[in-house]
>>> print(open('model-v4.tsv').read())   # TSV, C-alpha atoms
chain	number	residue	atom	x	y	z
A	24	MET	CA	0.00	0.00	0.00
A	25	LYS	CA	1.19	3.51	-0.80
A	26	LEU	CA	0.13	6.16	1.69
A	27	PHE	CA	-0.02	9.86	0.85
A	28	LEU	CA	0.76	11.70	4.08
A	29	LEU	CA	0.11	15.37	4.75
A	30	GLY	CA	1.50	17.04	7.86
A	31	ALA	CA	4.42	14.61	8.10
A	32	SER	CA	6.56	17.23	9.84
A	33	GLY	CA	4.02	17.71	12.64
A	34	ARG	CA	3.83	16.09	16.07
A	35	VAL	CA	1.23	13.47	15.09
A	36	GLY	CA	2.26	13.19	11.45
A	37	GLN	CA	5.82	12.17	12.31
A	38	LYS	CA	4.52	9.35	14.51
A	39	VAL	CA	2.13	8.15	11.79
A	40	ALA	CA	5.08	8.11	9.39
A	41	GLU	CA	7.16	6.07	11.87
A	42	LEU	CA	4.39	3.49	12.34
A	43	SER	CA	3.84	3.24	8.59
A	44	ILE	CA	7.53	2.67	7.97
A	45	GLN	CA	7.66	0.00	10.68
A	46	GLU	CA	4.74	-1.83	9.03
A	47	GLY	CA	6.39	-1.70	5.62
A	48	LEU	CA	4.02	0.75	3.95
A	49	LYS	CA	5.28	3.04	1.24
A	50	VAL	CA	4.89	6.64	2.38
A	51	HIS	CA	4.91	9.69	0.12
A	52	ALA	CA	4.65	13.08	1.78
A	53	LEU	CA	4.08	16.62	0.60
A	54	LEU	CA	6.58	18.73	2.54
A	55	ARG	CA	6.98	22.48	2.58
A	56	ASN	CA	9.99	22.24	4.92
A	57	PRO	CA	11.68	18.82	4.59
A	58	GLU	CA	14.35	19.97	7.05
A	59	ASN	CA	11.71	19.81	9.81
A	60	VAL	CA	11.37	16.04	9.40
A	61	PRO	CA	13.89	13.86	11.28
A	62	SER	CA	16.42	12.24	8.97
A	63	SER	CA	15.43	8.82	10.36
A	64	ILE	CA	12.03	9.32	8.71
A	65	LEU	CA	13.09	11.34	5.67
A	66	GLU	CA	15.51	8.63	4.55
A	67	LYS	CA	12.74	6.01	4.48
A	68	ILE	CA	9.97	7.89	2.68
A	69	THR	CA	9.64	9.69	-0.61
A	70	TYR	CA	8.38	13.23	-0.78
A	71	THR	CA	7.39	16.11	-2.99
A	72	HIS	CA	8.71	19.52	-1.98
A	73	GLY	CA	5.70	21.79	-2.17
A	74	ASN	CA	2.79	23.60	-0.60
A	75	VAL	CA	-0.53	22.09	0.47
A	76	LEU	CA	-2.33	25.15	-0.90
A	77	ASN	CA	-0.96	24.57	-4.39
A	78	LYS	CA	-3.25	22.42	-6.55
A	79	GLU	CA	-0.45	21.26	-8.87
A	80	HIS	CA	1.77	20.24	-5.94
A	81	ILE	CA	-1.01	18.12	-4.43
A	82	GLU	CA	-1.86	16.46	-7.74
A	83	GLU	CA	1.80	15.62	-8.35
A	84	ALA	CA	2.33	14.28	-4.82
A	85	ILE	CA	-0.85	12.19	-4.59
A	86	SER	CA	-0.23	10.34	-7.86
A	87	GLY	CA	-0.16	6.55	-7.45
A	88	SER	CA	-1.34	6.57	-3.84
A	89	ASP	CA	-3.94	4.22	-2.40
A	90	MET	CA	-5.01	6.22	0.66
A	91	VAL	CA	-4.62	9.68	2.18
A	92	VAL	CA	-3.81	10.57	5.78
A	93	SER	CA	-3.86	14.23	6.75
A	94	ALA	CA	-2.28	15.32	10.02
A	95	LEU	CA	-2.22	18.97	9.01
A	96	SER	CA	-2.65	21.53	11.75
A	97	THR	CA	-4.31	24.89	11.41
A	98	ASP	CA	-2.13	27.97	11.06
A	99	GLY	CA	-4.57	30.43	12.56
A	100	GLY	CA	-6.02	30.99	9.10
A	101	ASN	CA	-7.92	28.74	6.71
A	102	VAL	CA	-5.17	26.36	5.61
A	103	LEU	CA	-7.15	23.24	6.60
A	104	SER	CA	-10.33	24.10	4.74
A	105	GLU	CA	-8.55	25.59	1.73
A	106	SER	CA	-6.25	22.58	1.38
A	107	MET	CA	-9.06	20.07	2.00
A	108	SER	CA	-11.00	21.20	-1.05
A	109	LEU	CA	-7.85	20.70	-3.16
A	110	ILE	CA	-7.15	17.30	-1.57
A	111	ILE	CA	-10.70	16.10	-2.23
A	112	GLU	CA	-10.51	17.25	-5.84
A	113	ALA	CA	-7.16	15.50	-6.35
A	114	MET	CA	-8.43	12.30	-4.70
A	115	LYS	CA	-11.40	12.13	-7.05
A	116	LYS	CA	-9.18	12.79	-10.05
A	117	GLU	CA	-6.81	10.00	-8.94
A	118	GLY	CA	-9.64	7.58	-8.02
A	119	ILE	CA	-8.76	7.42	-4.30
A	120	SER	CA	-11.72	6.98	-1.96
A	121	ARG	CA	-10.24	6.69	1.55
A	122	ILE	CA	-8.98	9.59	3.68
A	123	ILE	CA	-8.25	9.73	7.41
A	124	SER	CA	-7.83	13.20	8.84
A	125	VAL	CA	-6.72	14.31	12.31
A	126	GLY	CA	-9.06	17.03	13.54
A	127	THR	CA	-9.97	18.36	16.96
A	128	ALA	CA	-12.45	17.43	19.70
A	129	GLY	CA	-14.04	20.82	19.14
A	130	ILE	CA	-15.89	19.50	16.08
A	131	LEU	CA	-17.49	16.58	17.95
A	132	GLN	CA	-21.08	16.86	19.13
A	133	SER	CA	-21.67	18.51	22.49
A	134	ARG	CA	-23.08	16.22	25.18
A	135	THR	CA	-24.79	19.09	26.98
A	136	GLU	CA	-26.16	20.77	23.83
A	137	PRO	CA	-26.41	17.98	21.21
A	138	ASP	CA	-27.51	20.34	18.45
A	139	LEU	CA	-24.16	22.13	18.70
A	140	LEU	CA	-20.57	21.11	18.17
A	141	ARG	CA	-18.37	21.20	21.28
A	142	TYR	CA	-16.55	24.38	20.28
A	143	GLN	CA	-19.91	26.13	19.83
A	144	SER	CA	-21.20	25.04	23.23
A	145	SER	CA	-20.54	25.72	26.90
A	146	GLU	CA	-18.41	22.55	26.98
A	147	SER	CA	-15.59	24.43	25.29
A	148	LYS	CA	-13.21	26.37	27.51
A	149	ARG	CA	-11.53	28.09	24.59
A	150	LYS	CA	-12.29	31.76	23.99
A	151	LEU	CA	-10.79	31.73	20.50
A	152	THR	CA	-12.66	29.58	17.98
A	153	ARG	CA	-10.82	30.36	14.75
A	154	ALA	CA	-8.91	27.06	14.62
A	155	ALA	CA	-12.06	25.07	15.41
A	156	GLU	CA	-13.95	26.95	12.70
A	157	ASP	CA	-11.27	25.97	10.18
A	158	HIS	CA	-11.55	22.32	11.30
A	159	HIS	CA	-15.36	22.62	11.05
A	160	GLN	CA	-15.14	23.80	7.45
A	161	ALA	CA	-12.80	20.91	6.59
A	162	TYR	CA	-15.25	18.49	8.26
A	163	THR	CA	-18.14	19.91	6.23
A	164	LEU	CA	-16.17	19.50	2.99
A	165	LEU	CA	-15.41	15.86	3.81
A	166	LYS	CA	-19.00	15.15	4.84
A	167	GLU	CA	-20.25	16.45	1.50
A	168	SER	CA	-17.46	14.84	-0.58
A	169	GLY	CA	-18.86	11.33	-1.04
A	170	LEU	CA	-15.45	9.93	-0.02
A	171	ASP	CA	-14.81	7.29	2.66
A	172	TRP	CA	-13.56	9.71	5.30
A	173	THR	CA	-12.83	9.44	9.01
A	174	ILE	CA	-11.83	12.34	11.26
A	175	VAL	CA	-9.88	11.43	14.40
A	176	CYS	CA	-10.70	14.07	17.00
A	177	PRO	CA	-8.24	14.31	19.91
A	178	THR	CA	-8.76	16.55	22.90
A	179	TYR	CA	-5.79	18.25	24.68
A	180	LEU	CA	-2.76	16.78	22.93
A	181	PRO	CA	0.49	16.66	24.92
A	182	ASP	CA	3.58	15.00	23.46
A	183	GLY	CA	3.94	11.39	24.50
A	184	ASP	CA	4.55	7.85	23.34
A	185	ALA	CA	1.82	5.36	22.44
A	186	THR	CA	0.40	3.20	25.21
A	187	GLY	CA	-2.29	1.58	23.06
A	188	VAL	CA	-4.73	2.08	25.96
A	189	TYR	CA	-7.35	4.77	25.34
A	190	ARG	CA	-11.04	5.24	24.69
A	191	VAL	CA	-12.74	6.16	21.42
A	192	GLU	CA	-16.34	7.09	20.67
A	193	LYS	CA	-18.15	7.89	17.44
A	194	ASP	CA	-19.24	11.54	17.16
A	195	PHE	CA	-18.53	12.36	20.85
A	196	LEU	CA	-15.55	12.80	23.14
A	197	PRO	CA	-15.39	9.85	25.57
A	198	LEU	CA	-17.00	10.84	28.87
A	199	ASP	CA	-14.70	12.94	31.09
A	200	GLY	CA	-11.87	12.63	28.56
A	201	SER	CA	-9.38	15.44	29.09
A	202	LYS	CA	-6.24	14.50	27.15
A	203	ILE	CA	-4.60	12.05	24.74
A	204	SER	CA	-0.94	11.85	23.73
A	205	THR	CA	0.40	12.47	20.25
A	206	GLY	CA	1.64	8.87	20.27
A	207	ASP	CA	-1.74	7.34	21.02
A	208	THR	CA	-3.48	9.65	18.54
A	209	ALA	CA	-1.08	8.38	15.87
A	210	HIS	CA	-1.55	4.79	17.10
A	211	PHE	CA	-5.32	4.99	16.63
A	212	THR	CA	-5.02	6.84	13.33
A	213	PHE	CA	-2.69	4.13	12.03
A	214	SER	CA	-5.09	1.40	13.19
A	215	LEU	CA	-7.69	2.91	10.83
A	216	ILE	CA	-5.26	2.57	7.93
A	217	LYS	CA	-5.09	-1.18	8.53
A	218	GLU	CA	-8.79	-1.66	9.32
A	219	PRO	CA	-11.42	0.65	7.80
A	220	ARG	CA	-13.57	1.41	10.85
A	221	PHE	CA	-15.62	4.54	11.57
A	222	VAL	CA	-16.08	5.32	7.87
A	223	LYS	CA	-17.92	8.60	7.27
A	224	SER	CA	-17.65	9.43	10.99
A	225	ARG	CA	-15.86	11.64	13.47
A	226	VAL	CA	-14.23	9.74	16.34
A	227	GLY	CA	-13.39	11.25	19.71
A	228	ILE	CA	-10.28	9.90	21.44
A	229	ALA	CA	-9.15	10.37	25.04
A	230	TYR	CA	-7.82	8.48	28.05
>>> encode(input="model-v4.tsv", output="C-alpha cells")
Amino acid sequence: MKLFLLGASGRVGQKVAELSIQEGLKVHALLRNPENVPSSILEKITYTHGNVLNKEHIEEAISGSDMVVSALSTDGGNVLSESMSLIIEAMKKEGISRIISVGTAGILQSRTEPDLLRYQSSESKRKLTRAAEDHHQAYTLLKESGLDWTIVCPTYLPDGDATGVYRVEKDFLPLDGSKISTGDTAHFTFSLIKEPRFVKSRVGIAY
C-alpha cells in the first residue's frame, strides 16, 4: 500500500510516518519544509517539496497513492479548509476513496447541547474559535465529498509515546476525557489505515 501523508513534519504526522515505515508501507509526503522532518524518517519515505495550498503540488504528490492521511494543523487561518478542497478534488481525479484526517475534539457533538458542536457550546473552555472553525469547514467538505472519510478528534494533545490504551467514541468525546498523547493519537489513526472502521464518521479519542 502507498500512503499519501500530509502534515508529516508535525507532532502526530511524524509518529504516523514512523508506524507506517515499521509496518512496511510506502509513504509519500508533501513537505513544505523537509528539514523539519527527522532524517530517520526522511531517509525512508519519498516526498514532494511543495505547498498544500498549491493544486499542482497536491496532484503531483498524490499520484499513485492508495489512501490519504492528513495530520495537518491549522495555522490560525484557513489552511485546513482551503487545502481540504484541493485534496478532495485531487483524490477524485486519482480515483482514491479513503482519507483519514486528524481534527480536533471541538468538532465533535456537544453532550450538553447535542444540536451544537463542542466548540460552539458551553463545553468548550476556549475563547478563541478560529482554529475550530477551520476544522469545522474541513469536516463539512469531507461530509459532502462522497469519499470514505474518518476524522480522528483528539482533545488536549500533549507530546507522549503510544500506550495503546485509550477510549474512542463515534461523534462524541469519551466521557470525562481530558487529554490524549500524540503517540496514542497516531496509534489509533494508524489502526484505521489497517482496518477501515468509523467510515464517514468523526471519532473522539481520550484516556
>>> atom_distance(input="model-v4.tsv", atom1="atom CA of Leu65 of chain A", atom2="atom CA of Gly206 of chain A")
18.7 Å
>>> atom_distance(input="model-v4.tsv", atom1="atom CA of Val35 of chain A", atom2="atom CA of Glu167 of chain A")
25.6 Å
>>> residues_around(input="model-v4.tsv", residues="segment 71-88 of chain A", least_positions_apart="4", cutoff="7 Å", atoms="only C-alpha atoms", output="MDAnalysis selection string")
chainID A and resid 25:27 52:55 105:106 109:110 113 117
>>> atom_distance(input="model-v4.tsv", atom1="atom CA of Ser93 of chain A", atom2="atom CA of Thr163 of chain A")
15.4 Å
>>> residues_around(input="model-v4.tsv", residues="Ala128 of chain A", least_positions_apart="6", cutoff="9 Å", atoms="only C-alpha atoms", output="count of residues only")
13
>>> residues_around(input="model-v4.tsv", residues="Ala40 of chain A", least_positions_apart="2", cutoff="10 Å", atoms="all atoms listed in the file", output="list in words")
Leu26, Leu28, Leu29, Gly30, Ala31, Ser32, Val35, Gly36, Gln37, Lys38, Leu42, Ser43, Ile44, Gln45, Glu46, Leu48, Lys49, Val50, His51, Ala52, Ile64, Leu65, Lys67, Ile68, Val92, Ala209 and Phe213 of chain A
>>> closest_residue(input="model-v4.tsv", among="A:Asp184, A:Asp171, A:Asp199, A:Glu156", to="Ile123 of chain A", atoms="all atoms listed in the file")
A:Asp171
>>> residues_around(input="model-v4.tsv", residues="Leu164 of chain A", least_positions_apart="4", cutoff="10 Å", atoms="all atoms listed in the file", output="JSON, numbers by chain")
{"A": [104, 105, 107, 108, 111, 158, 159, 160, 168, 169]}
>>> residues_around(input="model-v4.tsv", residues="Ile174 of chain A", least_positions_apart="2", cutoff="6 Å", atoms="all atoms listed in the file", output="list of chain:residue names")
A:Ile123, A:Ser124, A:Val125, A:Gly126, A:Arg225
>>> closest_residue(input="model-v4.tsv", among="A:Trp172, A:Tyr70, A:Tyr162, A:Phe211", to="Gly187 of chain A", atoms="all atoms listed in the file")
A:Phe211
>>> closest_residue(input="model-v4.tsv", among="A:Val39, A:Leu140, A:Ile119, A:Leu198", to="Met90 of chain A", atoms="only C-alpha atoms")
A:Ile119
>>> closest_residue(input="model-v4.tsv", among="A:Leu151, A:Leu170, A:Val102, A:Ala229", to="Thr186 of chain A", atoms="all atoms listed in the file")
A:Ala229
>>> axis_aligned_box(input="model-v4.tsv", around="segment 190-195 of chain A", padding_each_side="6 Å", output="AutoDock Vina command-line options")
--center_x -15.1 --center_y 8.8 --center_z 20.9 --size_x 20.2 --size_y 19.1 --size_z 19.5
>>> decode(input="model-v4.tsv", residues="segment 76-119 of chain A", atoms="C-alpha atoms", output="PDB file, in the first residue's frame")
ATOM      1  CA  LEU A  76      -2.334  25.154  -0.897  1.00  0.00           C
ATOM      2  CA  ASN A  77      -0.956  24.567  -4.395  1.00  0.00           C
ATOM      3  CA  LYS A  78      -3.248  22.421  -6.546  1.00  0.00           C
ATOM      4  CA  GLU A  79      -0.445  21.257  -8.870  1.00  0.00           C
ATOM      5  CA  HIS A  80       1.774  20.236  -5.940  1.00  0.00           C
ATOM      6  CA  ILE A  81      -1.010  18.119  -4.428  1.00  0.00           C
ATOM      7  CA  GLU A  82      -1.861  16.462  -7.743  1.00  0.00           C
ATOM      8  CA  GLU A  83       1.799  15.622  -8.351  1.00  0.00           C
ATOM      9  CA  ALA A  84       2.334  14.285  -4.817  1.00  0.00           C
ATOM     10  CA  ILE A  85      -0.848  12.194  -4.590  1.00  0.00           C
ATOM     11  CA  SER A  86      -0.235  10.336  -7.859  1.00  0.00           C
ATOM     12  CA  GLY A  87      -0.157   6.554  -7.449  1.00  0.00           C
ATOM     13  CA  SER A  88      -1.336   6.574  -3.839  1.00  0.00           C
ATOM     14  CA  ASP A  89      -3.945   4.217  -2.395  1.00  0.00           C
ATOM     15  CA  MET A  90      -5.011   6.222   0.656  1.00  0.00           C
ATOM     16  CA  VAL A  91      -4.616   9.676   2.176  1.00  0.00           C
ATOM     17  CA  VAL A  92      -3.810  10.572   5.782  1.00  0.00           C
ATOM     18  CA  SER A  93      -3.862  14.233   6.753  1.00  0.00           C
ATOM     19  CA  ALA A  94      -2.283  15.320  10.017  1.00  0.00           C
ATOM     20  CA  LEU A  95      -2.225  18.972   9.007  1.00  0.00           C
ATOM     21  CA  SER A  96      -2.654  21.531  11.747  1.00  0.00           C
ATOM     22  CA  THR A  97      -4.311  24.892  11.410  1.00  0.00           C
ATOM     23  CA  ASP A  98      -2.131  27.970  11.058  1.00  0.00           C
ATOM     24  CA  GLY A  99      -4.572  30.429  12.560  1.00  0.00           C
ATOM     25  CA  GLY A 100      -6.016  30.993   9.100  1.00  0.00           C
ATOM     26  CA  ASN A 101      -7.918  28.744   6.713  1.00  0.00           C
ATOM     27  CA  VAL A 102      -5.170  26.364   5.609  1.00  0.00           C
ATOM     28  CA  LEU A 103      -7.151  23.242   6.601  1.00  0.00           C
ATOM     29  CA  SER A 104     -10.327  24.100   4.742  1.00  0.00           C
ATOM     30  CA  GLU A 105      -8.553  25.594   1.734  1.00  0.00           C
ATOM     31  CA  SER A 106      -6.254  22.583   1.382  1.00  0.00           C
ATOM     32  CA  MET A 107      -9.061  20.069   2.001  1.00  0.00           C
ATOM     33  CA  SER A 108     -10.997  21.198  -1.047  1.00  0.00           C
ATOM     34  CA  LEU A 109      -7.846  20.699  -3.163  1.00  0.00           C
ATOM     35  CA  ILE A 110      -7.147  17.301  -1.573  1.00  0.00           C
ATOM     36  CA  ILE A 111     -10.703  16.100  -2.225  1.00  0.00           C
ATOM     37  CA  GLU A 112     -10.506  17.249  -5.842  1.00  0.00           C
ATOM     38  CA  ALA A 113      -7.157  15.501  -6.350  1.00  0.00           C
ATOM     39  CA  MET A 114      -8.428  12.297  -4.703  1.00  0.00           C
ATOM     40  CA  LYS A 115     -11.402  12.127  -7.046  1.00  0.00           C
ATOM     41  CA  LYS A 116      -9.183  12.787 -10.046  1.00  0.00           C
ATOM     42  CA  GLU A 117      -6.814   9.996  -8.941  1.00  0.00           C
ATOM     43  CA  GLY A 118      -9.638   7.580  -8.017  1.00  0.00           C
ATOM     44  CA  ILE A 119      -8.759   7.421  -4.304  1.00  0.00           C
TER      45      ILE A 119
END
